[in-house]
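Trainee: File follows, coords13.cif with mmCIF, C-alpha atoms and all ligand atoms:
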data_structure
loop_
_atom_site.label_atom_id
_atom_site.label_comp_id
_atom_site.auth_asym_id
_atom_site.auth_seq_id
_atom_site.Cartn_x
_atom_site.Cartn_y
_atom_site.Cartn_z
CA MET T 7 13.06 49.24 -346.91
CA SER T 8 13.87 45.98 -348.70
CA ILE T 9 16.21 45.71 -351.67
CA ALA T 10 16.22 41.91 -351.68
CA LYS T 11 15.96 40.28 -355.09
CA LYS T 12 13.69 37.56 -353.74
CA GLU T 13 11.52 37.45 -350.62
CA TYR T 14 12.37 34.66 -348.19
CA LYS T 15 9.90 33.55 -345.50
CA ARG T 16 12.81 31.93 -343.70
CA VAL T 17 16.37 32.24 -344.88
CA THR T 18 18.10 28.86 -345.10
CA VAL T 19 21.61 27.77 -345.96
CA LYS T 20 20.29 27.08 -349.46
CA SER T 21 18.94 30.65 -349.72
CA LEU T 22 22.42 32.00 -349.00
CA ILE T 23 23.96 29.99 -351.82
CA GLU T 24 21.14 31.19 -354.08
CA MET T 25 21.87 34.80 -353.06
CA LYS T 26 25.52 34.34 -353.99
CA GLN T 27 24.54 32.86 -357.34
CA ASN T 28 22.13 35.77 -357.97
CA GLY T 29 24.71 38.37 -356.99
CA GLU T 30 22.61 39.49 -354.02
CA LYS T 31 24.77 40.60 -351.10
CA ILE T 32 24.07 38.86 -347.79
CA SER T 33 23.50 40.90 -344.61
CA MET T 34 24.56 39.33 -341.33
CA LEU T 35 24.54 40.89 -337.88
CA THR T 36 25.05 39.64 -334.35
CA ALA T 37 22.36 39.46 -331.68
CA TYR T 38 22.49 37.81 -328.30
CA ASP T 39 19.12 38.51 -326.70
CA PHE T 40 15.39 38.45 -327.47
CA SER T 41 14.70 42.20 -327.76
CA MET T 42 17.64 42.99 -330.02
CA ALA T 43 17.06 39.88 -332.17
CA LYS T 44 13.45 40.98 -332.75
CA ILE T 45 14.61 44.36 -334.08
CA VAL T 46 17.38 42.82 -336.20
CA ASP T 47 15.03 40.21 -337.65
CA SER T 48 12.29 42.78 -338.38
CA ALA T 49 14.84 44.81 -340.35
CA ASN T 50 15.27 41.81 -342.71
CA VAL T 51 18.83 40.90 -341.80
CA ASP T 52 19.48 37.60 -343.58
CA VAL T 53 21.66 35.89 -340.97
CA ILE T 54 21.76 36.47 -337.23
CA LEU T 55 25.02 35.40 -335.69
CA VAL T 56 24.89 34.56 -332.01
CA GLY T 57 28.58 35.36 -331.83
CA ASP T 58 30.92 34.49 -329.02
CA SER T 59 31.55 38.27 -329.08
CA ALA T 60 28.77 38.06 -326.47
CA SER T 61 31.72 37.39 -324.18
CA ASN T 62 32.92 40.97 -324.87
CA VAL T 63 29.78 43.03 -325.42
CA MET T 64 27.35 41.25 -323.11
CA ALA T 65 29.63 39.99 -320.34
CA GLY T 66 32.48 42.53 -320.44
CA HIS T 67 35.33 40.05 -320.90
CA GLU T 68 38.45 41.19 -322.72
CA THR T 69 38.38 38.20 -325.10
CA THR T 70 35.93 35.64 -326.45
CA LEU T 71 37.66 32.79 -324.59
CA PRO T 72 35.73 32.75 -321.29
CA ILE T 73 32.20 32.28 -322.66
CA THR T 74 30.87 28.77 -322.03
CA LEU T 75 28.74 26.39 -324.08
CA ASP T 76 25.85 26.81 -321.60
CA GLN T 77 26.04 30.59 -321.92
CA MET T 78 26.07 30.41 -325.74
CA ILE T 79 23.01 28.14 -325.62
CA TYR T 80 21.25 30.63 -323.33
CA HIS T 81 21.93 33.52 -325.74
CA ALA T 82 21.00 31.43 -328.79
CA SER T 83 17.68 30.27 -327.27
CA SER T 84 16.68 33.90 -326.63
CA VAL T 85 17.47 34.81 -330.25
CA VAL T 86 15.60 31.78 -331.62
CA ARG T 87 12.46 32.85 -329.74
CA ALA T 88 12.60 36.26 -331.45
CA ALA T 89 13.72 35.67 -335.03
CA LYS T 90 11.15 34.49 -337.54
CA ARG T 91 12.95 35.14 -340.84
CA ALA T 92 16.72 35.09 -340.38
CA LEU T 93 18.95 32.05 -340.46
CA ILE T 94 20.42 31.72 -336.96
CA VAL T 95 24.07 30.72 -336.70
CA VAL T 96 25.73 30.12 -333.33
CA ASP T 97 29.43 30.29 -332.51
CA ILE T 98 30.69 27.08 -330.96
CA PRO T 99 32.76 28.48 -328.09
CA PHE T 100 36.45 28.09 -327.33
CA GLY T 101 37.22 24.81 -325.55
CA SER T 102 34.13 22.97 -326.74
CA TYR T 103 35.41 21.59 -330.05
CA GLN T 104 39.19 21.65 -330.19
CA SER T 105 40.14 18.65 -328.05
CA ASP T 106 38.54 15.92 -330.16
CA SER T 107 35.89 15.47 -332.81
CA LYS T 108 33.51 13.55 -330.53
CA GLU T 109 33.45 16.42 -328.07
CA ALA T 110 32.97 18.84 -330.98
CA LEU T 111 29.95 16.87 -332.20
CA ARG T 112 28.49 16.69 -328.68
CA SER T 113 28.83 20.47 -328.33
CA ALA T 114 27.28 21.13 -331.74
CA ILE T 115 24.38 18.79 -330.97
CA ARG T 116 23.74 20.55 -327.66
CA ILE T 117 23.59 23.93 -329.45
CA MET T 118 21.16 22.66 -332.09
CA LYS T 119 18.97 20.65 -329.69
CA GLU T 120 18.82 23.04 -326.73
CA SER T 121 18.62 26.37 -328.59
CA GLY T 122 16.74 25.52 -331.78
CA ALA T 123 19.29 27.41 -333.92
CA HIS T 124 19.96 26.42 -337.52
CA ALA T 125 23.74 26.19 -337.86
CA ILE T 126 27.04 26.58 -336.04
CA LYS T 127 30.25 28.50 -336.78
CA VAL T 128 33.77 27.26 -336.07
CA GLU T 129 37.08 29.10 -336.15
CA GLY T 130 39.89 27.47 -338.12
CA GLY T 131 40.61 25.39 -341.19
CA VAL T 132 42.45 22.15 -341.89
CA GLU T 133 43.70 21.86 -338.29
CA ILE T 134 40.12 21.18 -337.07
CA LYS T 135 39.20 18.95 -340.01
CA ASP T 136 38.05 15.94 -337.98
CA SER T 137 35.67 18.04 -335.90
CA VAL T 138 34.24 19.87 -338.92
CA LYS T 139 33.70 16.63 -340.84
CA ARG T 140 32.08 14.86 -337.90
CA ILE T 141 29.65 17.73 -337.23
CA LEU T 142 28.74 17.93 -340.92
CA GLN T 143 28.20 14.15 -341.06
CA ALA T 144 25.56 14.54 -338.33
CA GLY T 145 23.61 16.85 -340.64
CA ILE T 146 24.51 20.06 -338.82
CA PRO T 147 25.28 23.00 -341.15
CA VAL T 148 28.71 24.49 -340.46
CA MET T 149 30.10 27.91 -341.28
CA GLY T 150 33.87 28.45 -341.18
CA HIS T 151 35.74 31.50 -339.89
CA LEU T 152 39.23 32.37 -341.16
CA GLY T 153 41.64 35.30 -341.00
CA LEU T 154 41.54 36.99 -337.63
CA THR T 155 40.07 34.29 -335.43
CA PRO T 156 39.53 35.88 -332.00
CA GLN T 157 39.61 32.54 -330.15
CA SER T 158 43.33 32.35 -331.10
CA ILE T 159 44.13 35.88 -329.98
CA TYR T 160 46.90 34.77 -327.64
CA LYS T 161 48.63 32.97 -330.52
CA PHE T 162 48.48 36.12 -332.71
CA GLY T 163 49.19 38.55 -329.87
CA THR T 164 47.30 41.41 -331.56
CA TYR T 165 44.05 42.20 -333.38
CA THR T 166 45.86 43.58 -336.45
CA VAL T 167 45.12 42.65 -340.08
CA ARG T 168 45.90 38.98 -340.87
CA ALA T 169 47.28 37.22 -343.96
CA LYS T 170 49.31 40.15 -345.29
CA GLU T 171 52.26 37.80 -345.79
CA GLU T 172 52.28 35.34 -348.69
CA ALA T 173 52.55 32.18 -346.55
CA GLU T 174 49.58 33.08 -344.36
CA ALA T 175 47.53 34.14 -347.40
CA GLU T 176 48.27 30.78 -349.09
CA LYS T 177 47.25 28.87 -345.97
CA LEU T 178 44.02 30.88 -345.78
CA LYS T 179 43.20 30.10 -349.42
CA GLU T 180 43.82 26.38 -348.79
CA ASP T 181 41.64 26.47 -345.67
CA ALA T 182 38.80 28.14 -347.59
CA LYS T 183 39.00 25.47 -350.30
CA PHE T 184 39.03 22.77 -347.63
CA LEU T 185 35.93 24.19 -345.90
CA GLU T 186 34.11 24.35 -349.23
CA LYS T 187 35.16 20.80 -350.17
CA VAL T 188 34.01 19.17 -346.92
CA GLY T 189 30.58 20.81 -347.20
CA CYS T 190 30.52 24.00 -345.12
CA PHE T 191 27.75 26.35 -346.28
CA GLY T 192 29.70 29.57 -345.83
CA ILE T 193 32.84 31.21 -344.53
CA VAL T 194 33.44 34.36 -342.49
CA LEU T 195 36.66 36.19 -343.35
CA GLU T 196 37.77 38.62 -340.66
CA LYS T 197 40.24 41.48 -341.05
CA ILE T 198 42.25 40.48 -344.08
CA PRO T 199 43.29 42.48 -347.18
CA ALA T 200 40.33 43.22 -349.49
CA ASN T 201 42.03 41.78 -352.60
CA LEU T 202 42.73 38.47 -350.86
CA ALA T 203 39.14 38.29 -349.58
CA LYS T 204 37.79 38.90 -353.08
CA GLU T 205 40.08 36.23 -354.51
CA VAL T 206 38.76 33.73 -351.95
CA ALA T 207 35.11 34.70 -352.58
CA ASP T 208 35.62 34.32 -356.33
CA SER T 209 37.30 30.94 -355.93
CA VAL T 210 34.61 29.15 -353.90
CA SER T 211 30.95 28.39 -354.63
CA ILE T 212 29.81 29.00 -351.04
CA PRO T 213 29.06 32.49 -349.65
CA VAL T 214 31.95 34.39 -348.10
CA ILE T 215 30.92 36.97 -345.52
CA GLY T 216 33.43 39.63 -344.56
CA ILE T 217 34.17 41.76 -341.53
CA GLY T 218 37.03 44.08 -342.31
CA ALA T 219 37.53 42.20 -345.57
CA GLY T 220 36.38 44.80 -348.11
CA GLY T 221 33.46 44.89 -350.51
CA GLY T 222 34.48 42.12 -352.93
CA VAL T 223 32.95 39.34 -350.83
CA ASP T 224 29.38 37.99 -350.85
CA GLY T 225 28.11 39.69 -347.73
CA GLN T 226 28.99 41.65 -344.60
CA VAL T 227 28.78 41.01 -340.88
CA LEU T 228 29.13 43.43 -337.96
CA VAL T 229 28.61 43.27 -334.23
CA VAL T 230 25.25 44.98 -333.67
CA HIS T 231 26.46 46.95 -330.64
CA ASP T 232 29.25 48.45 -332.78
CA LEU T 233 26.92 49.33 -335.68
CA LEU T 234 24.53 51.07 -333.28
CA GLY T 235 27.33 52.90 -331.47
CA MET T 236 26.51 51.30 -328.12
CA THR T 237 30.20 50.56 -327.81
CA HIS T 238 32.46 53.57 -328.18
CA GLU T 239 35.98 52.42 -327.30
CA PHE T 240 36.25 50.04 -330.26
CA ASN T 241 37.06 52.01 -333.43
CA PRO T 242 38.50 49.79 -336.17
CA ARG T 243 38.66 51.23 -339.69
CA PHE T 244 36.16 48.68 -341.02
CA LEU T 245 33.39 49.77 -338.66
CA ARG T 246 30.60 52.03 -339.92
CA ARG T 247 28.51 53.38 -337.04
CA TYR T 248 24.92 54.10 -338.01
CA LEU T 249 23.98 55.61 -334.64
CA ASN T 250 25.65 56.89 -331.54
CA LEU T 251 23.51 55.10 -328.99
CA TYR T 252 26.13 55.26 -326.25
CA ASP T 253 25.59 59.03 -326.02
CA GLU T 254 21.88 58.94 -326.87
CA MET T 255 21.09 56.31 -324.26
CA GLY T 256 23.28 58.07 -321.71
CA LYS T 257 21.38 61.32 -322.31
CA ALA T 258 17.99 59.62 -321.96
CA ILE T 259 18.98 57.83 -318.77
CA GLY T 260 20.53 61.02 -317.38
CA GLN T 261 17.24 62.83 -318.05
CA TYR T 262 15.32 60.08 -316.23
CA VAL T 263 17.60 60.45 -313.20
CA ALA T 264 17.10 64.24 -313.24
CA ASP T 265 13.30 63.83 -313.56
CA VAL T 266 13.18 61.41 -310.60
CA LYS T 267 15.33 63.70 -308.46
CA SER T 268 13.28 66.78 -309.36
CA LYS T 269 10.00 64.86 -308.77
CA ASP T 270 8.95 65.61 -312.37
CA PHE T 271 8.55 61.86 -312.92
CA PRO T 272 6.00 60.44 -312.49
CA ASN T 273 3.38 63.13 -313.12
CA THR T 274 -0.35 62.70 -312.50
CA ASN T 275 -0.95 61.23 -315.99
CA GLU T 276 1.67 58.61 -315.26
CA SER T 277 0.05 57.63 -311.95
CA TYR T 278 -3.01 55.53 -311.02
O1 LIG T 301 31.64 36.55 -332.52
C1 LIG T 301 31.42 37.31 -333.46
O2 LIG T 301 30.74 38.34 -333.32
C2 LIG T 301 32.02 37.00 -334.75
C3 LIG T 301 31.95 38.04 -335.81
C4 LIG T 301 32.96 39.08 -335.54
C5 LIG T 301 32.10 37.46 -337.17
O3 LIG T 301 32.55 35.95 -334.93
#
Could I get this file's structure written as structure tokens?
Mentor:
Amino acid sequence: MSIAKKEYKRVTVKSLIEMKQNGEKISMLTAYDFSMAKIVDSANVDVILVGDSASNVMAGHETTLPITLDQMIYHASSVVRAAKRALIVVDIPFGSYQSDSKEALRSAIRIMKESGAHAIKVEGGVEIKDSVKRILQAGIPVMGHLGLTPQSIYKFGTYTVRAKEEAEAEKLKEDAKFLEKVGCFGIVLEKIPANLAKEVADSVSIPVIGIGAGGGVDGQVLVVHDLLGMTHEFNPRFLRRYLNLYDEMGKAIGQYVADVKSKDFPNTNESY
């Protein structure tokens, strides 16, 4: 089923701005491997995010901090080979852009050159201005990420809603304006009050994609494993599960084990 206002052969950063202007909501979803990216792309998701949440859902780490640039490039290359329509955005991982802008540019170039992806995403605002500007100057599209920024989890101490206080909300609004002004093509807002997210989306010309940021923004992003219910311990209020694959897959695999043990599998039709 497609409810898009316009068909796109390949979604580009320009298409996203057009969607915002046309009032068409943008769908964004993570993928980290070839098989999942093929399904996500076939379902007409506009943007595939090769998120550093791969650190959690693919590698089992508690945070996004351990994933490396090489590992992100590996995940991104697999997604690029699968996705024919979606714009592919890759998280630039923790430790590969914060120390100086030259290192940030080198990391961004490696992602673009070695994976074939179309854009990168950075966490933070004014404090990483030199890196953002330098990457943009090289012609690499950049998406910002504000609000709950998981790479700074040890600074926050918790994964609770951000920017509830006036000072933090003001800083977030300034950061969003800064990202728009320097030329970012979009911003992810994670886990902030819905009215603040709407205010930000209304105040900038670039698309604002929310996760736990309410319905007043220009699009939504979720982690695909959460949407499909492959994860079951993570239950934030913002998450809508469309399937319960953790149980469904467990049942199917359990049945396979039983069939092997009982010698039901393989039968004669399944043998040569
Ligand atoms: O890494 C990720 O999956 C993300 C989304 C939560 C926006 O950054």
Trainee: Measuring between all atoms listed in the file, which one of T:Val63, T:Val132, T:Phe271, T:Lys161 shows the shortest distance to T:Gly235?
Mentor: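 Of the candidates, the smallest distance to T:Gly235 is held by T:Val63.
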Trainee: For chain T against ligand LIG 301 (chain T), with a cut-off of 7 Å and counting all atoms listed in the file, what is the closest atom pair and its distance in Å to one decimal for every residue that makes the cut, ordered by chain and number, as a Markdown table?
Mentor:
| residue | atom | partner | partner_atom | distance |
| --- | --- | --- | --- | --- |
| T:Thr36 | CA | T:LIG301 | O2 | 5.9 |
| T:Leu55 | CA | T:LIG301 | O2 | 6.9 |
| T:Gly57 | CA | T:LIG301 | O1 | 3.4 |
| T:Asp58 | CA | T:LIG301 | O1 | 4.1 |
| T:Ser59 | CA | T:LIG301 | O1 | 3.8 |
| T:Ala60 | CA | T:LIG301 | O1 | 6.9 |
| T:Asp97 | CA | T:LIG301 | O1 | 6.6 |
| T:Val194 | CA | T:LIG301 | C5 | 6.3 |
| T:Glu196 | CA | T:LIG301 | C5 | 6.8 |
| T:Ile217 | CA | T:LIG301 | C5 | 6.5 |
| T:Val227 | CA | T:LIG301 | C5 | 6.1 |
| T:Leu228 | CA | T:LIG301 | C4 | 6.3 |
| T:Val229 | CA | T:LIG301 | O2 | 5.4 |
Trainee: Stretch 129-233 of chain T near stretch 66-72 of chain T within 12 Å: what's each residue's closest atom pair and its distance in Å to one decimal, counting only C-alpha atoms, ordered by chain then ascending residue number, as a tab-separated table?
Mentor:
residue	atom	partner	partner_atom	distance
T:Glu129	CA	T:Thr70	CA	11.8
T:Thr155	CA	T:Thr70	CA	10.0
T:Pro156	CA	T:Thr70	CA	6.6
T:Gln157	CA	T:Leu71	CA	5.9
T:Ser158	CA	T:Leu71	CA	8.6
T:Ile159	CA	T:Thr69	CA	7.9
T:Tyr160	CA	T:Thr69	CA	9.5
T:Gly163	CA	T:Thr69	CA	11.8
T:Thr164	CA	T:Thr69	CA	11.5
T:Tyr165	CA	T:Thr69	CA	10.8
Trainee: Show which residues sit within 12 Å of T:Asp136, as a PyMOL selection string. Count all atoms listed in the file, and ignore same-chain residues fewer than 6 positions away.
Mentor: chain T and resi 103-111+130+142-143+184-185+188
Trainee: Save out the residues we just selected, C-alpha atoms, as a PDB file, keeping the file's coordinate frame.
Mentor:
ATOM      1  CA  TYR T 103      35.410  21.590-330.050  1.00  0.00           C
ATOM      2  CA  GLN T 104      39.190  21.650-330.190  1.00  0.00           C
ATOM      3  CA  SER T 105      40.140  18.650-328.050  1.00  0.00           C
ATOM      4  CA  ASP T 106      38.540  15.920-330.160  1.00  0.00           C
ATOM      5  CA  SER T 107      35.890  15.470-332.810  1.00  0.00           C
ATOM      6  CA  LYS T 108      33.510  13.550-330.530  1.00  0.00           C
ATOM      7  CA  GLU T 109      33.450  16.420-328.070  1.00  0.00           C
ATOM      8  CA  ALA T 110      32.970  18.840-330.980  1.00  0.00           C
ATOM      9  CA  LEU T 111      29.950  16.870-332.200  1.00  0.00           C
ATOM     10  CA  GLY T 130      39.890  27.470-338.120  1.00  0.00           C
ATOM     11  CA  LEU T 142      28.740  17.930-340.920  1.00  0.00           C
ATOM     12  CA  GLN T 143      28.200  14.150-341.060  1.00  0.00           C
ATOM     13  CA  PHE T 184      39.030  22.770-347.630  1.00  0.00           C
ATOM     14  CA  LEU T 185      35.930  24.190-345.900  1.00  0.00           C
ATOM     15  CA  VAL T 188      34.010  19.170-346.920  1.00  0.00           C
TER      16      VAL T 188
END
Trainee: Distance atom CA of T:Met118-atom CA of T:Ile23, one decimal place?
Mentor: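 So the two atoms, atom CA of T:Met118 and atom CA of T:Ile23, lie 21.2 Å apart.
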Trainee: Which value, in Å to one decimal, gives the distance between atom CA of T:Val86 and atom CA of T:Lys11?
Mentor: 25.0 Å
Trainee: What is the distance, in Å and to one decimal place, between atom CA of T:Val53 and atom CA of T:Ala92?
Mentor: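 Separating atom CA of T:Val53 from atom CA of T:Ala92 is a distance of 5.0 Å.
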Trainee: For a quick check of understanding, using all atoms listed in the file, which of T:Asp39, T:Asp47, T:Glu176, T:Glu133 has the smallest distance to T:Ser83?
Mentor: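 Result for the nearest residue to T:Ser83: T:Asp39.
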Trainee: Which residue out of T:Lys187, T:Lys12, T:Lys197, T:Arg112 has the minimum interatomic distance to T:Glu24 when all atoms listed in the file are used?
Mentor: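 Among T:Lys187, T:Lys12, T:Lys197, T:Arg112, it is T:Lys12 that comes nearest to T:Glu24.
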Trainee: Name the closest residue to T:Arg243 among the candidates T:Ala43, T:Leu22, T:Val167, T:Ile126; distances are taken between atoms, counting only C-alpha atoms.
Mentor: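 Between T:Ala43, T:Leu22, T:Val167, T:Ile126, the residue approaching T:Arg243 most closely is T:Val167.
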